[in-house]
>>> print(open('model_9.txt').read())   # compact mmCIF, N, CA and C atoms
# COMPACT_ATOMS: atom_id res chain seq x y z
N MET A 6 1.14 -18.58 -4.93
CA MET A 6 0.16 -17.56 -5.20
C MET A 6 0.31 -17.10 -6.65
N GLU A 7 -0.77 -17.10 -7.34
CA GLU A 7 -0.78 -16.61 -8.72
C GLU A 7 -0.72 -15.08 -8.70
N VAL A 8 0.18 -14.52 -9.51
CA VAL A 8 0.33 -13.07 -9.62
C VAL A 8 -0.05 -12.65 -11.02
N TRP A 9 -0.94 -11.66 -11.12
CA TRP A 9 -1.34 -11.15 -12.42
C TRP A 9 -0.40 -10.06 -12.89
N VAL A 10 -0.11 -9.11 -12.02
CA VAL A 10 0.75 -7.98 -12.38
C VAL A 10 1.53 -7.56 -11.14
N ARG A 11 2.80 -7.16 -11.31
CA ARG A 11 3.61 -6.68 -10.18
C ARG A 11 4.43 -5.48 -10.63
N ARG A 12 4.52 -4.49 -9.77
CA ARG A 12 5.38 -3.31 -9.99
C ARG A 12 6.20 -3.12 -8.73
N ARG A 13 7.48 -2.83 -8.92
CA ARG A 13 8.37 -2.57 -7.79
C ARG A 13 9.18 -1.33 -8.10
N ARG A 14 9.18 -0.37 -7.17
CA ARG A 14 9.90 0.88 -7.37
C ARG A 14 10.56 1.32 -6.07
N ARG A 15 11.71 1.92 -6.21
CA ARG A 15 12.35 2.59 -5.07
C ARG A 15 11.96 4.05 -5.18
N LEU A 16 11.39 4.58 -4.11
CA LEU A 16 10.93 5.97 -4.11
C LEU A 16 11.81 6.79 -3.18
N ALA A 17 12.28 7.91 -3.67
CA ALA A 17 13.08 8.82 -2.87
C ALA A 17 12.17 9.63 -1.97
N ARG A 18 12.71 10.02 -0.83
CA ARG A 18 11.95 10.86 0.09
C ARG A 18 11.77 12.24 -0.51
N GLY A 19 10.70 12.87 -0.19
CA GLY A 19 10.48 14.23 -0.66
C GLY A 19 9.01 14.52 -0.83
N PRO A 20 8.70 15.76 -1.17
CA PRO A 20 7.30 16.16 -1.26
C PRO A 20 6.52 15.45 -2.36
N GLY A 21 7.19 14.93 -3.37
CA GLY A 21 6.48 14.27 -4.45
C GLY A 21 6.36 12.76 -4.30
N ALA A 22 6.90 12.20 -3.23
CA ALA A 22 6.92 10.74 -3.07
C ALA A 22 5.51 10.14 -3.03
N ALA A 23 4.61 10.75 -2.28
CA ALA A 23 3.25 10.22 -2.18
C ALA A 23 2.54 10.27 -3.53
N ALA A 24 2.73 11.35 -4.27
CA ALA A 24 2.11 11.48 -5.59
C ALA A 24 2.67 10.43 -6.55
N ARG A 25 3.98 10.19 -6.49
CA ARG A 25 4.59 9.15 -7.35
C ARG A 25 4.05 7.77 -6.98
N ALA A 26 3.84 7.54 -5.70
CA ALA A 26 3.30 6.26 -5.24
C ALA A 26 1.87 6.07 -5.75
N ARG A 27 1.05 7.10 -5.68
CA ARG A 27 -0.33 7.00 -6.20
C ARG A 27 -0.32 6.71 -7.70
N ARG A 28 0.59 7.37 -8.41
CA ARG A 28 0.71 7.15 -9.85
C ARG A 28 1.06 5.69 -10.15
N GLU A 29 1.93 5.09 -9.33
CA GLU A 29 2.30 3.69 -9.50
C GLU A 29 1.07 2.77 -9.36
N VAL A 30 0.20 3.09 -8.42
CA VAL A 30 -1.03 2.30 -8.23
C VAL A 30 -1.90 2.38 -9.48
N HIS A 31 -2.06 3.57 -10.02
CA HIS A 31 -2.91 3.73 -11.21
C HIS A 31 -2.28 3.04 -12.43
N LEU A 32 -0.96 3.09 -12.53
CA LEU A 32 -0.28 2.38 -13.62
C LEU A 32 -0.45 0.87 -13.48
N LEU A 33 -0.40 0.38 -12.25
CA LEU A 33 -0.61 -1.04 -12.00
C LEU A 33 -2.01 -1.47 -12.43
N ALA A 34 -3.02 -0.68 -12.06
CA ALA A 34 -4.40 -1.00 -12.44
C ALA A 34 -4.55 -0.97 -13.96
N ASP A 35 -3.90 -0.03 -14.63
CA ASP A 35 -3.93 0.03 -16.09
C ASP A 35 -3.29 -1.21 -16.70
N GLN A 36 -2.15 -1.63 -16.16
CA GLN A 36 -1.47 -2.84 -16.66
C GLN A 36 -2.35 -4.06 -16.47
N ALA A 37 -2.97 -4.17 -15.31
CA ALA A 37 -3.84 -5.31 -15.04
C ALA A 37 -4.98 -5.36 -16.05
N LEU A 38 -5.59 -4.21 -16.33
CA LEU A 38 -6.69 -4.15 -17.29
C LEU A 38 -6.23 -4.57 -18.68
N LEU A 39 -5.05 -4.12 -19.08
CA LEU A 39 -4.51 -4.52 -20.40
C LEU A 39 -4.31 -6.03 -20.49
N LEU A 40 -4.08 -6.66 -19.35
CA LEU A 40 -3.89 -8.12 -19.33
C LEU A 40 -5.20 -8.87 -19.05
N GLY A 41 -6.31 -8.12 -18.99
CA GLY A 41 -7.62 -8.75 -18.83
C GLY A 41 -8.07 -8.94 -17.40
N HIS A 42 -7.43 -8.25 -16.45
CA HIS A 42 -7.78 -8.37 -15.03
C HIS A 42 -8.18 -7.00 -14.50
N ALA A 43 -9.47 -6.78 -14.39
CA ALA A 43 -9.96 -5.47 -13.97
C ALA A 43 -9.91 -5.31 -12.46
N VAL A 44 -9.50 -4.13 -12.02
CA VAL A 44 -9.54 -3.73 -10.61
C VAL A 44 -10.63 -2.67 -10.52
N SER A 45 -11.55 -2.83 -9.58
CA SER A 45 -12.63 -1.85 -9.46
C SER A 45 -12.07 -0.47 -9.16
N ARG A 46 -12.79 0.56 -9.53
CA ARG A 46 -12.36 1.93 -9.29
C ARG A 46 -12.20 2.19 -7.79
N ARG A 47 -13.13 1.66 -7.00
CA ARG A 47 -13.05 1.85 -5.54
C ARG A 47 -11.79 1.20 -4.98
N SER A 48 -11.48 -0.01 -5.42
CA SER A 48 -10.27 -0.68 -4.94
C SER A 48 -9.02 0.07 -5.37
N GLU A 49 -9.02 0.58 -6.59
CA GLU A 49 -7.89 1.36 -7.08
C GLU A 49 -7.71 2.63 -6.25
N ASP A 50 -8.81 3.32 -5.96
CA ASP A 50 -8.74 4.53 -5.16
C ASP A 50 -8.31 4.23 -3.72
N ASP A 51 -8.84 3.15 -3.14
CA ASP A 51 -8.43 2.75 -1.79
C ASP A 51 -6.94 2.43 -1.75
N ALA A 52 -6.47 1.70 -2.76
CA ALA A 52 -5.05 1.34 -2.82
C ALA A 52 -4.17 2.58 -2.98
N ALA A 53 -4.61 3.53 -3.79
CA ALA A 53 -3.84 4.77 -3.97
C ALA A 53 -3.75 5.54 -2.66
N LEU A 54 -4.85 5.61 -1.93
CA LEU A 54 -4.87 6.32 -0.65
C LEU A 54 -3.95 5.64 0.37
N VAL A 55 -4.08 4.33 0.51
CA VAL A 55 -3.26 3.58 1.47
C VAL A 55 -1.78 3.69 1.10
N THR A 56 -1.46 3.53 -0.18
CA THR A 56 -0.07 3.62 -0.63
C THR A 56 0.50 5.00 -0.31
N SER A 57 -0.26 6.02 -0.58
CA SER A 57 0.16 7.38 -0.31
C SER A 57 0.46 7.58 1.18
N GLU A 58 -0.41 7.08 2.03
CA GLU A 58 -0.22 7.22 3.48
C GLU A 58 1.02 6.46 3.95
N LEU A 59 1.22 5.25 3.45
CA LEU A 59 2.37 4.46 3.87
C LEU A 59 3.68 5.08 3.41
N VAL A 60 3.71 5.55 2.18
CA VAL A 60 4.93 6.18 1.66
C VAL A 60 5.22 7.47 2.43
N SER A 61 4.19 8.21 2.76
CA SER A 61 4.38 9.43 3.55
C SER A 61 4.92 9.12 4.95
N ALA A 62 4.58 7.95 5.49
CA ALA A 62 5.03 7.56 6.82
C ALA A 62 6.44 6.98 6.82
N ALA A 63 6.99 6.74 5.64
CA ALA A 63 8.36 6.22 5.56
C ALA A 63 9.32 7.35 5.94
N GLY A 64 10.28 7.03 6.77
CA GLY A 64 11.21 8.04 7.26
C GLY A 64 12.15 8.56 6.21
N GLY A 65 12.57 7.75 5.29
CA GLY A 65 13.49 8.15 4.24
C GLY A 65 12.98 7.59 2.93
N GLY A 66 13.87 7.21 2.06
CA GLY A 66 13.43 6.54 0.84
C GLY A 66 12.81 5.21 1.21
N CYS A 67 12.00 4.67 0.34
CA CYS A 67 11.36 3.40 0.64
C CYS A 67 11.26 2.58 -0.64
N VAL A 68 10.97 1.32 -0.45
CA VAL A 68 10.70 0.43 -1.58
C VAL A 68 9.20 0.16 -1.58
N LEU A 69 8.60 0.33 -2.74
CA LEU A 69 7.17 0.10 -2.92
C LEU A 69 7.00 -1.07 -3.87
N GLU A 70 6.25 -2.06 -3.44
CA GLU A 70 5.93 -3.19 -4.32
C GLU A 70 4.42 -3.37 -4.34
N LEU A 71 3.86 -3.38 -5.53
CA LEU A 71 2.42 -3.52 -5.73
C LEU A 71 2.17 -4.78 -6.53
N THR A 72 1.17 -5.55 -6.13
CA THR A 72 0.86 -6.80 -6.81
C THR A 72 -0.65 -6.95 -6.95
N VAL A 73 -1.10 -7.32 -8.14
CA VAL A 73 -2.50 -7.68 -8.33
C VAL A 73 -2.56 -9.18 -8.54
N ALA A 74 -3.36 -9.85 -7.72
CA ALA A 74 -3.53 -11.29 -7.78
C ALA A 74 -5.03 -11.59 -7.70
N PRO A 75 -5.43 -12.81 -7.94
CA PRO A 75 -6.87 -13.12 -7.92
C PRO A 75 -7.56 -12.78 -6.60
N ASP A 76 -6.84 -12.82 -5.48
CA ASP A 76 -7.48 -12.59 -4.19
C ASP A 76 -7.29 -11.18 -3.63
N GLY A 77 -6.69 -10.28 -4.40
CA GLY A 77 -6.58 -8.91 -3.92
C GLY A 77 -5.41 -8.14 -4.49
N LEU A 78 -5.32 -6.90 -4.10
CA LEU A 78 -4.23 -6.02 -4.49
C LEU A 78 -3.35 -5.86 -3.26
N ASP A 79 -2.10 -6.27 -3.38
CA ASP A 79 -1.17 -6.21 -2.26
C ASP A 79 -0.25 -5.02 -2.38
N ILE A 80 -0.04 -4.34 -1.26
CA ILE A 80 0.84 -3.18 -1.18
C ILE A 80 1.90 -3.50 -0.13
N LEU A 81 3.16 -3.39 -0.52
CA LEU A 81 4.26 -3.61 0.41
C LEU A 81 5.13 -2.37 0.38
N VAL A 82 5.34 -1.77 1.54
CA VAL A 82 6.18 -0.58 1.64
C VAL A 82 7.19 -0.82 2.76
N SER A 83 8.48 -0.74 2.42
CA SER A 83 9.51 -0.87 3.44
C SER A 83 9.96 0.52 3.89
N GLY A 84 10.44 0.61 5.11
CA GLY A 84 10.92 1.89 5.63
C GLY A 84 9.87 2.69 6.36
N VAL A 85 8.74 2.07 6.68
CA VAL A 85 7.64 2.77 7.35
C VAL A 85 7.89 2.80 8.85
N ARG A 86 7.49 3.87 9.47
CA ARG A 86 7.56 3.97 10.93
C ARG A 86 6.16 3.79 11.50
N PRO A 87 5.78 2.55 11.82
CA PRO A 87 4.44 2.35 12.39
C PRO A 87 4.36 2.89 13.81
N PRO A 88 3.15 3.08 14.33
CA PRO A 88 3.01 3.55 15.70
C PRO A 88 3.74 2.61 16.65
N GLY A 89 4.33 3.17 17.70
CA GLY A 89 5.06 2.38 18.68
C GLY A 89 4.13 1.58 19.57
N PRO A 90 4.73 0.80 20.47
CA PRO A 90 3.91 0.00 21.38
C PRO A 90 3.13 0.91 22.33
N PRO A 91 2.02 0.40 22.82
CA PRO A 91 1.19 1.21 23.73
C PRO A 91 1.97 1.64 24.97
N ARG A 92 1.75 2.87 25.40
CA ARG A 92 2.36 3.39 26.63
C ARG A 92 1.26 3.67 27.63
N GLY A 93 1.39 3.11 28.80
CA GLY A 93 0.39 3.36 29.83
C GLY A 93 -0.99 2.82 29.46
N GLY A 94 -1.02 1.75 28.68
CA GLY A 94 -2.29 1.11 28.34
C GLY A 94 -3.01 1.70 27.13
N SER A 95 -2.50 2.78 26.56
CA SER A 95 -3.18 3.32 25.38
C SER A 95 -2.19 3.51 24.24
N ARG A 96 -2.64 3.27 23.06
CA ARG A 96 -1.81 3.43 21.87
C ARG A 96 -1.95 4.87 21.39
N PRO A 97 -0.85 5.50 21.00
CA PRO A 97 -0.96 6.87 20.49
C PRO A 97 -1.82 6.89 19.22
N TYR A 98 -2.65 7.89 19.12
CA TYR A 98 -3.52 8.00 17.95
C TYR A 98 -2.71 8.52 16.76
N VAL A 99 -2.69 7.74 15.71
CA VAL A 99 -1.96 8.09 14.50
C VAL A 99 -2.96 8.02 13.35
N VAL A 100 -3.28 9.16 12.76
CA VAL A 100 -4.33 9.24 11.75
C VAL A 100 -4.07 8.30 10.59
N TRP A 101 -2.86 8.29 10.04
CA TRP A 101 -2.61 7.47 8.85
C TRP A 101 -2.73 5.98 9.17
N TRP A 102 -2.33 5.56 10.38
CA TRP A 102 -2.40 4.14 10.72
C TRP A 102 -3.87 3.72 10.87
N ASP A 103 -4.67 4.57 11.47
CA ASP A 103 -6.09 4.29 11.62
C ASP A 103 -6.75 4.15 10.25
N LEU A 104 -6.42 5.05 9.35
CA LEU A 104 -6.98 5.01 8.00
C LEU A 104 -6.58 3.72 7.27
N VAL A 105 -5.31 3.38 7.31
CA VAL A 105 -4.82 2.17 6.64
C VAL A 105 -5.53 0.94 7.22
N SER A 106 -5.63 0.87 8.53
CA SER A 106 -6.26 -0.28 9.19
C SER A 106 -7.73 -0.43 8.83
N ARG A 107 -8.40 0.69 8.65
CA ARG A 107 -9.84 0.63 8.32
C ARG A 107 -10.10 0.27 6.86
N VAL A 108 -9.24 0.72 5.96
CA VAL A 108 -9.45 0.49 4.53
C VAL A 108 -8.97 -0.89 4.10
N ALA A 109 -7.89 -1.36 4.69
CA ALA A 109 -7.28 -2.62 4.27
C ALA A 109 -8.08 -3.82 4.73
N ARG A 110 -8.03 -4.87 3.92
CA ARG A 110 -8.64 -6.14 4.32
C ARG A 110 -7.73 -6.85 5.32
N ASP A 111 -6.42 -6.81 5.09
CA ASP A 111 -5.42 -7.40 5.98
C ASP A 111 -4.24 -6.45 6.07
N THR A 112 -3.62 -6.37 7.24
CA THR A 112 -2.43 -5.55 7.43
C THR A 112 -1.43 -6.34 8.26
N THR A 113 -0.19 -6.40 7.81
CA THR A 113 0.88 -7.09 8.52
C THR A 113 2.07 -6.16 8.63
N VAL A 114 2.69 -6.11 9.79
CA VAL A 114 3.88 -5.30 10.00
C VAL A 114 5.02 -6.23 10.38
N CYS A 115 6.11 -6.15 9.63
CA CYS A 115 7.33 -6.91 9.93
C CYS A 115 8.40 -5.90 10.31
N ARG A 116 8.79 -5.89 11.56
CA ARG A 116 9.80 -4.94 12.03
C ARG A 116 11.18 -5.40 11.61
N ASP A 117 11.96 -4.45 11.10
CA ASP A 117 13.32 -4.73 10.64
C ASP A 117 14.19 -3.55 11.03
N PRO A 118 15.18 -3.77 11.92
CA PRO A 118 16.01 -2.64 12.37
C PRO A 118 16.71 -1.90 11.23
N ALA A 119 16.94 -2.58 10.13
CA ALA A 119 17.64 -1.95 9.01
C ALA A 119 16.77 -0.92 8.29
N CYS A 120 15.45 -1.09 8.33
CA CYS A 120 14.58 -0.17 7.58
C CYS A 120 13.30 0.17 8.34
N ASP A 121 13.36 0.26 9.66
CA ASP A 121 12.19 0.51 10.51
C ASP A 121 11.24 -0.68 10.43
N ALA A 122 10.38 -0.72 9.42
CA ALA A 122 9.44 -1.83 9.28
C ALA A 122 8.98 -1.93 7.83
N THR A 123 8.50 -3.11 7.51
CA THR A 123 7.86 -3.32 6.22
C THR A 123 6.39 -3.57 6.51
N VAL A 124 5.53 -2.82 5.86
CA VAL A 124 4.09 -2.97 6.05
C VAL A 124 3.51 -3.60 4.80
N CYS A 125 2.76 -4.68 4.99
CA CYS A 125 2.08 -5.37 3.89
C CYS A 125 0.58 -5.18 4.09
N VAL A 126 -0.08 -4.70 3.06
CA VAL A 126 -1.52 -4.43 3.13
C VAL A 126 -2.19 -5.10 1.95
N ARG A 127 -3.36 -5.68 2.20
CA ARG A 127 -4.15 -6.26 1.12
C ARG A 127 -5.46 -5.49 1.01
N ILE A 128 -5.77 -5.10 -0.22
CA ILE A 128 -7.02 -4.43 -0.55
C ILE A 128 -7.82 -5.40 -1.40
N GLY A 129 -9.09 -5.59 -1.09
CA GLY A 129 -9.94 -6.44 -1.91
C GLY A 129 -10.12 -5.84 -3.30
N LEU A 130 -10.29 -6.69 -4.30
CA LEU A 130 -10.45 -6.18 -5.67
C LEU A 130 -11.80 -5.54 -5.87
N GLY A 131 -12.79 -5.90 -5.08
CA GLY A 131 -14.10 -5.26 -5.17
C GLY A 131 -14.87 -5.61 -6.42
N SER A 132 -16.10 -5.12 -6.46
CA SER A 132 -16.92 -5.33 -7.64
C SER A 132 -16.53 -4.33 -8.71
N LEU A 133 -16.80 -4.66 -9.93
CA LEU A 133 -16.42 -3.79 -11.02
C LEU A 133 -17.43 -2.68 -11.29
N THR A 134 -18.47 -2.61 -10.47
CA THR A 134 -19.49 -1.58 -10.67
C THR A 134 -19.14 -0.29 -9.96
N GLY A 135 -18.24 -0.34 -8.95
CA GLY A 135 -17.98 0.84 -8.14
C GLY A 135 -16.74 1.50 -8.52
>>> encode(input="model_9.txt", output="structure tokens")
Amino acid sequence: MEVWVRRRRRLARGPGAAARARREVHLLADQALLLGHAVSRRSEDDAALVTSELVSAAGGGCVLELTVAPDGLDILVSGVRPPGPPRGGSRPYVVWWDLVSRVARDTTVCRDPACDATVCVRIGLGSLTG
């Protein structure tokens, strides 16, 4: 896979973690633009929202990795606590998970006992008009 730009940061838990994560997304989009690869404003905003939600769902500190490639903007957050398995035939309603699932083009969860789970999300780059 061709990668245009990648940022990787370890984020500490706390009230500012989500804001730091959003800032990382905007810095990534700025870096991509400097290298001649534009990310639409809508895709950048969607990625900032999804990143913020995932980092907020991380139980402790987490690792955030952001990548811009020709086929999309990838967000990887380790340490996330995704909703548990369905109980009694219904899955518990979790606002942030519903939001991430609706905004993302693809979502993958890799469960790891050492860090709860790693969630990988792909956001489409979108058109440059929005």
>>> closest_residue(input="model_9.txt", among="A:Leu59, A:Ala24, A:Ala34, A:Leu40", to="A:Val100", atoms="only C-alpha atoms")
A:Leu59
>>> closest_residue(input="model_9.txt", among="A:Glu29, A:Asp35, A:Glu70, A:Asp76", to="A:Ala53", atoms="only C-alpha atoms")
A:Glu29
>>> closest_residue(input="model_9.txt", among="A:Val124, A:Gly131, A:Arg110, A:Trp101", to="A:Ala43", atoms="only N, CA and C atoms")
A:Gly131
>>> select_by_dssp(input="model_9.txt", residues="chain A", states="helix (DSSP H, G or I)", output="number ranges by chain")
A: 22-39, 46-62, 100-108
>>> residues_near_point(input="model_9.txt", point="(-4.4, -5.7, 3.9)", cutoff="7 Å", atoms="all atoms listed in the file", output="PyMOL selection string")
chain A and resi 79-80+108-113+125-129
>>> closest_residue(input="model_9.txt", among="A:Leu39, A:Val85, A:Leu130, A:Leu104", to="A:Asp117", atoms="only C-alpha atoms")
A:Val85
>>> select_by_dssp(input="model_9.txt", residues="chain A", states="strand (DSSP E or B)", output="ChimeraX atom specification")
/A:10-16,63-74,77-85,92,95,111-116,122-128
>>> write_last_selection(input="model_9.txt", atoms="N, CA and C atoms", output="short mmCIF file (atom, residue, chain, number, x, y, z; two decimals), in the coordinates of the input")
data_model
loop_
_atom_site.label_atom_id
_atom_site.label_comp_id
_atom_site.auth_asym_id
_atom_site.auth_seq_id
_atom_site.Cartn_x
_atom_site.Cartn_y
_atom_site.Cartn_z
N VAL A 10 -0.11 -9.11 -12.02
CA VAL A 10 0.75 -7.98 -12.38
C VAL A 10 1.53 -7.56 -11.14
N ARG A 11 2.80 -7.16 -11.31
CA ARG A 11 3.61 -6.68 -10.18
C ARG A 11 4.43 -5.48 -10.63
N ARG A 12 4.52 -4.49 -9.77
CA ARG A 12 5.38 -3.31 -9.99
C ARG A 12 6.20 -3.12 -8.73
N ARG A 13 7.48 -2.83 -8.92
CA ARG A 13 8.37 -2.57 -7.79
C ARG A 13 9.18 -1.33 -8.10
N ARG A 14 9.18 -0.37 -7.17
CA ARG A 14 9.90 0.88 -7.37
C ARG A 14 10.56 1.32 -6.07
N ARG A 15 11.71 1.92 -6.21
CA ARG A 15 12.35 2.59 -5.07
C ARG A 15 11.96 4.05 -5.18
N LEU A 16 11.39 4.58 -4.11
CA LEU A 16 10.93 5.97 -4.11
C LEU A 16 11.81 6.79 -3.18
N ALA A 63 6.99 6.74 5.64
CA ALA A 63 8.36 6.22 5.56
C ALA A 63 9.32 7.35 5.94
N GLY A 64 10.28 7.03 6.77
CA GLY A 64 11.21 8.04 7.26
C GLY A 64 12.15 8.56 6.21
N GLY A 65 12.57 7.75 5.29
CA GLY A 65 13.49 8.15 4.24
C GLY A 65 12.98 7.59 2.93
N GLY A 66 13.87 7.21 2.06
CA GLY A 66 13.43 6.54 0.84
C GLY A 66 12.81 5.21 1.21
N CYS A 67 12.00 4.67 0.34
CA CYS A 67 11.36 3.40 0.64
C CYS A 67 11.26 2.58 -0.64
N VAL A 68 10.97 1.32 -0.45
CA VAL A 68 10.70 0.43 -1.58
C VAL A 68 9.20 0.16 -1.58
N LEU A 69 8.60 0.33 -2.74
CA LEU A 69 7.17 0.10 -2.92
C LEU A 69 7.00 -1.07 -3.87
N GLU A 70 6.25 -2.06 -3.44
CA GLU A 70 5.93 -3.19 -4.32
C GLU A 70 4.42 -3.37 -4.34
N LEU A 71 3.86 -3.38 -5.53
CA LEU A 71 2.42 -3.52 -5.73
C LEU A 71 2.17 -4.78 -6.53
N THR A 72 1.17 -5.55 -6.13
CA THR A 72 0.86 -6.80 -6.81
C THR A 72 -0.65 -6.95 -6.95
N VAL A 73 -1.10 -7.32 -8.14
CA VAL A 73 -2.50 -7.68 -8.33
C VAL A 73 -2.56 -9.18 -8.54
N ALA A 74 -3.36 -9.85 -7.72
CA ALA A 74 -3.53 -11.29 -7.78
C ALA A 74 -5.03 -11.59 -7.70
N GLY A 77 -6.69 -10.28 -4.40
CA GLY A 77 -6.58 -8.91 -3.92
C GLY A 77 -5.41 -8.14 -4.49
N LEU A 78 -5.32 -6.90 -4.10
CA LEU A 78 -4.23 -6.02 -4.49
C LEU A 78 -3.35 -5.86 -3.26
N ASP A 79 -2.10 -6.27 -3.38
CA ASP A 79 -1.17 -6.21 -2.26
C ASP A 79 -0.25 -5.02 -2.38
N ILE A 80 -0.04 -4.34 -1.26
CA ILE A 80 0.84 -3.18 -1.18
C ILE A 80 1.90 -3.50 -0.13
N LEU A 81 3.16 -3.39 -0.52
CA LEU A 81 4.26 -3.61 0.41
C LEU A 81 5.13 -2.37 0.38
N VAL A 82 5.34 -1.77 1.54
CA VAL A 82 6.18 -0.58 1.64
C VAL A 82 7.19 -0.82 2.76
N SER A 83 8.48 -0.74 2.42
CA SER A 83 9.51 -0.87 3.44
C SER A 83 9.96 0.52 3.89
N GLY A 84 10.44 0.61 5.11
CA GLY A 84 10.92 1.89 5.63
C GLY A 84 9.87 2.69 6.36
N VAL A 85 8.74 2.07 6.68
CA VAL A 85 7.64 2.77 7.35
C VAL A 85 7.89 2.80 8.85
N ARG A 92 1.75 2.87 25.40
CA ARG A 92 2.36 3.39 26.63
C ARG A 92 1.26 3.67 27.63
N SER A 95 -2.50 2.78 26.56
CA SER A 95 -3.18 3.32 25.38
C SER A 95 -2.19 3.51 24.24
N ASP A 111 -6.42 -6.81 5.09
CA ASP A 111 -5.42 -7.40 5.98
C ASP A 111 -4.24 -6.45 6.07
N THR A 112 -3.62 -6.37 7.24
CA THR A 112 -2.43 -5.55 7.43
C THR A 112 -1.43 -6.34 8.26
N THR A 113 -0.19 -6.40 7.81
CA THR A 113 0.88 -7.09 8.52
C THR A 113 2.07 -6.16 8.63
N VAL A 114 2.69 -6.11 9.79
CA VAL A 114 3.88 -5.30 10.00
C VAL A 114 5.02 -6.23 10.38
N CYS A 115 6.11 -6.15 9.63
CA CYS A 115 7.33 -6.91 9.93
C CYS A 115 8.40 -5.90 10.31
N ARG A 116 8.79 -5.89 11.56
CA ARG A 116 9.80 -4.94 12.03
C ARG A 116 11.18 -5.40 11.61
N ALA A 122 10.38 -0.72 9.42
CA ALA A 122 9.44 -1.83 9.28
C ALA A 122 8.98 -1.93 7.83
N THR A 123 8.50 -3.11 7.51
CA THR A 123 7.86 -3.32 6.22
C THR A 123 6.39 -3.57 6.51
N VAL A 124 5.53 -2.82 5.86
CA VAL A 124 4.09 -2.97 6.05
C VAL A 124 3.51 -3.60 4.80
N CYS A 125 2.76 -4.68 4.99
CA CYS A 125 2.08 -5.37 3.89
C CYS A 125 0.58 -5.18 4.09
N VAL A 126 -0.08 -4.70 3.06
CA VAL A 126 -1.52 -4.43 3.13
C VAL A 126 -2.19 -5.10 1.95
N ARG A 127 -3.36 -5.68 2.20
CA ARG A 127 -4.15 -6.26 1.12
C ARG A 127 -5.46 -5.49 1.01
N ILE A 128 -5.77 -5.10 -0.22
CA ILE A 128 -7.02 -4.43 -0.55
C ILE A 128 -7.82 -5.40 -1.40
#
>>> closest_residue(input="model_9.txt", among="A:Arg18, A:Arg12, A:Trp102, A:His42", to="A:Ala63", atoms="only N, CA and C atoms")
A:Arg18
>>> residues_around(input="model_9.txt", residues="A:Ala26", least_positions_apart="4", cutoff="7 Å", atoms="only N, CA and C atoms", output="list in words")
Gly21, Ala22, Val30, His31, Ala53, Thr56 and Ser57 of chain A
>>> closest_residue(input="model_9.txt", among="A:Pro118, A:Gly84, A:Arg46, A:Val8", to="A:Gly66", atoms="all atoms listed in the file")
A:Gly84
>>> residues_around(input="model_9.txt", residues="A:Thr72", least_positions_apart="3", cutoff="8 Å", atoms="all atoms listed in the file", output="list in words")
Val8, Trp9, Val10, Arg11, Arg12, Arg13, Leu33, Leu69, Pro75, Gly77, Leu78, Asp79, Ile80 and Leu81 of chain A
>>> atom_distance(input="model_9.txt", atom1="atom CA of A:Arg86", atom2="atom N of A:Arg28")
20.8 Å
>>> atom_distance(input="model_9.txt", atom1="atom CA of A:Ala37", atom2="atom CA of A:Asp103")
28.4 Å
>>> axis_aligned_box(input="model_9.txt", around="stretch 125-128 of chain A", padding_each_side="6 Å", output="lines of an AutoDock Vina configuration file")
center_x = -2.5
center_y = -5.3
center_z = 1.8
size_x = 22.6
size_y = 13.8
size_z = 18.4
>>> build_atoms(input="model_9.txt", residues="stretch 39-47 of chain A", atoms="N, CA, C and O atoms", output="PDB file, keeping the file's coordinate frame")
ATOM      1  N   LEU A  39      -5.050  -4.120 -19.080  1.00  0.00           N
ATOM      2  CA  LEU A  39      -4.510  -4.520 -20.400  1.00  0.00           C
ATOM      3  C   LEU A  39      -4.310  -6.030 -20.490  1.00  0.00           C
ATOM      4  O   LEU A  39      -4.393  -6.589 -21.585  1.00  0.00           O
ATOM      5  N   LEU A  40      -4.080  -6.660 -19.350  1.00  0.00           N
ATOM      6  CA  LEU A  40      -3.890  -8.120 -19.330  1.00  0.00           C
ATOM      7  C   LEU A  40      -5.200  -8.870 -19.050  1.00  0.00           C
ATOM      8  O   LEU A  40      -5.200 -10.080 -18.874  1.00  0.00           O
ATOM      9  N   GLY A  41      -6.310  -8.120 -18.990  1.00  0.00           N
ATOM     10  CA  GLY A  41      -7.620  -8.750 -18.830  1.00  0.00           C
ATOM     11  C   GLY A  41      -8.070  -8.940 -17.400  1.00  0.00           C
ATOM     12  O   GLY A  41      -8.994  -9.695 -17.128  1.00  0.00           O
ATOM     13  N   HIS A  42      -7.430  -8.250 -16.450  1.00  0.00           N
ATOM     14  CA  HIS A  42      -7.780  -8.370 -15.030  1.00  0.00           C
ATOM     15  C   HIS A  42      -8.180  -7.000 -14.500  1.00  0.00           C
ATOM     16  O   HIS A  42      -7.330  -6.182 -14.186  1.00  0.00           O
ATOM     17  N   ALA A  43      -9.470  -6.780 -14.390  1.00  0.00           N
ATOM     18  CA  ALA A  43      -9.960  -5.470 -13.970  1.00  0.00           C
ATOM     19  C   ALA A  43      -9.910  -5.310 -12.460  1.00  0.00           C
ATOM     20  O   ALA A  43     -10.217  -6.233 -11.709  1.00  0.00           O
ATOM     21  N   VAL A  44      -9.500  -4.130 -12.020  1.00  0.00           N
ATOM     22  CA  VAL A  44      -9.540  -3.730 -10.610  1.00  0.00           C
ATOM     23  C   VAL A  44     -10.630  -2.670 -10.520  1.00  0.00           C
ATOM     24  O   VAL A  44     -10.649  -1.735 -11.315  1.00  0.00           O
ATOM     25  N   SER A  45     -11.550  -2.830  -9.580  1.00  0.00           N
ATOM     26  CA  SER A  45     -12.630  -1.850  -9.460  1.00  0.00           C
ATOM     27  C   SER A  45     -12.070  -0.470  -9.160  1.00  0.00           C
ATOM     28  O   SER A  45     -10.985  -0.327  -8.578  1.00  0.00           O
ATOM     29  N   ARG A  46     -12.790   0.560  -9.530  1.00  0.00           N
ATOM     30  CA  ARG A  46     -12.360   1.930  -9.290  1.00  0.00           C
ATOM     31  C   ARG A  46     -12.200   2.190  -7.790  1.00  0.00           C
ATOM     32  O   ARG A  46     -11.262   2.848  -7.354  1.00  0.00           O
ATOM     33  N   ARG A  47     -13.130   1.660  -7.000  1.00  0.00           N
ATOM     34  CA  ARG A  47     -13.050   1.850  -5.540  1.00  0.00           C
ATOM     35  C   ARG A  47     -11.790   1.200  -4.980  1.00  0.00           C
ATOM     36  O   ARG A  47     -11.088   1.794  -4.166  1.00  0.00           O
TER      37      ARG A  47
END
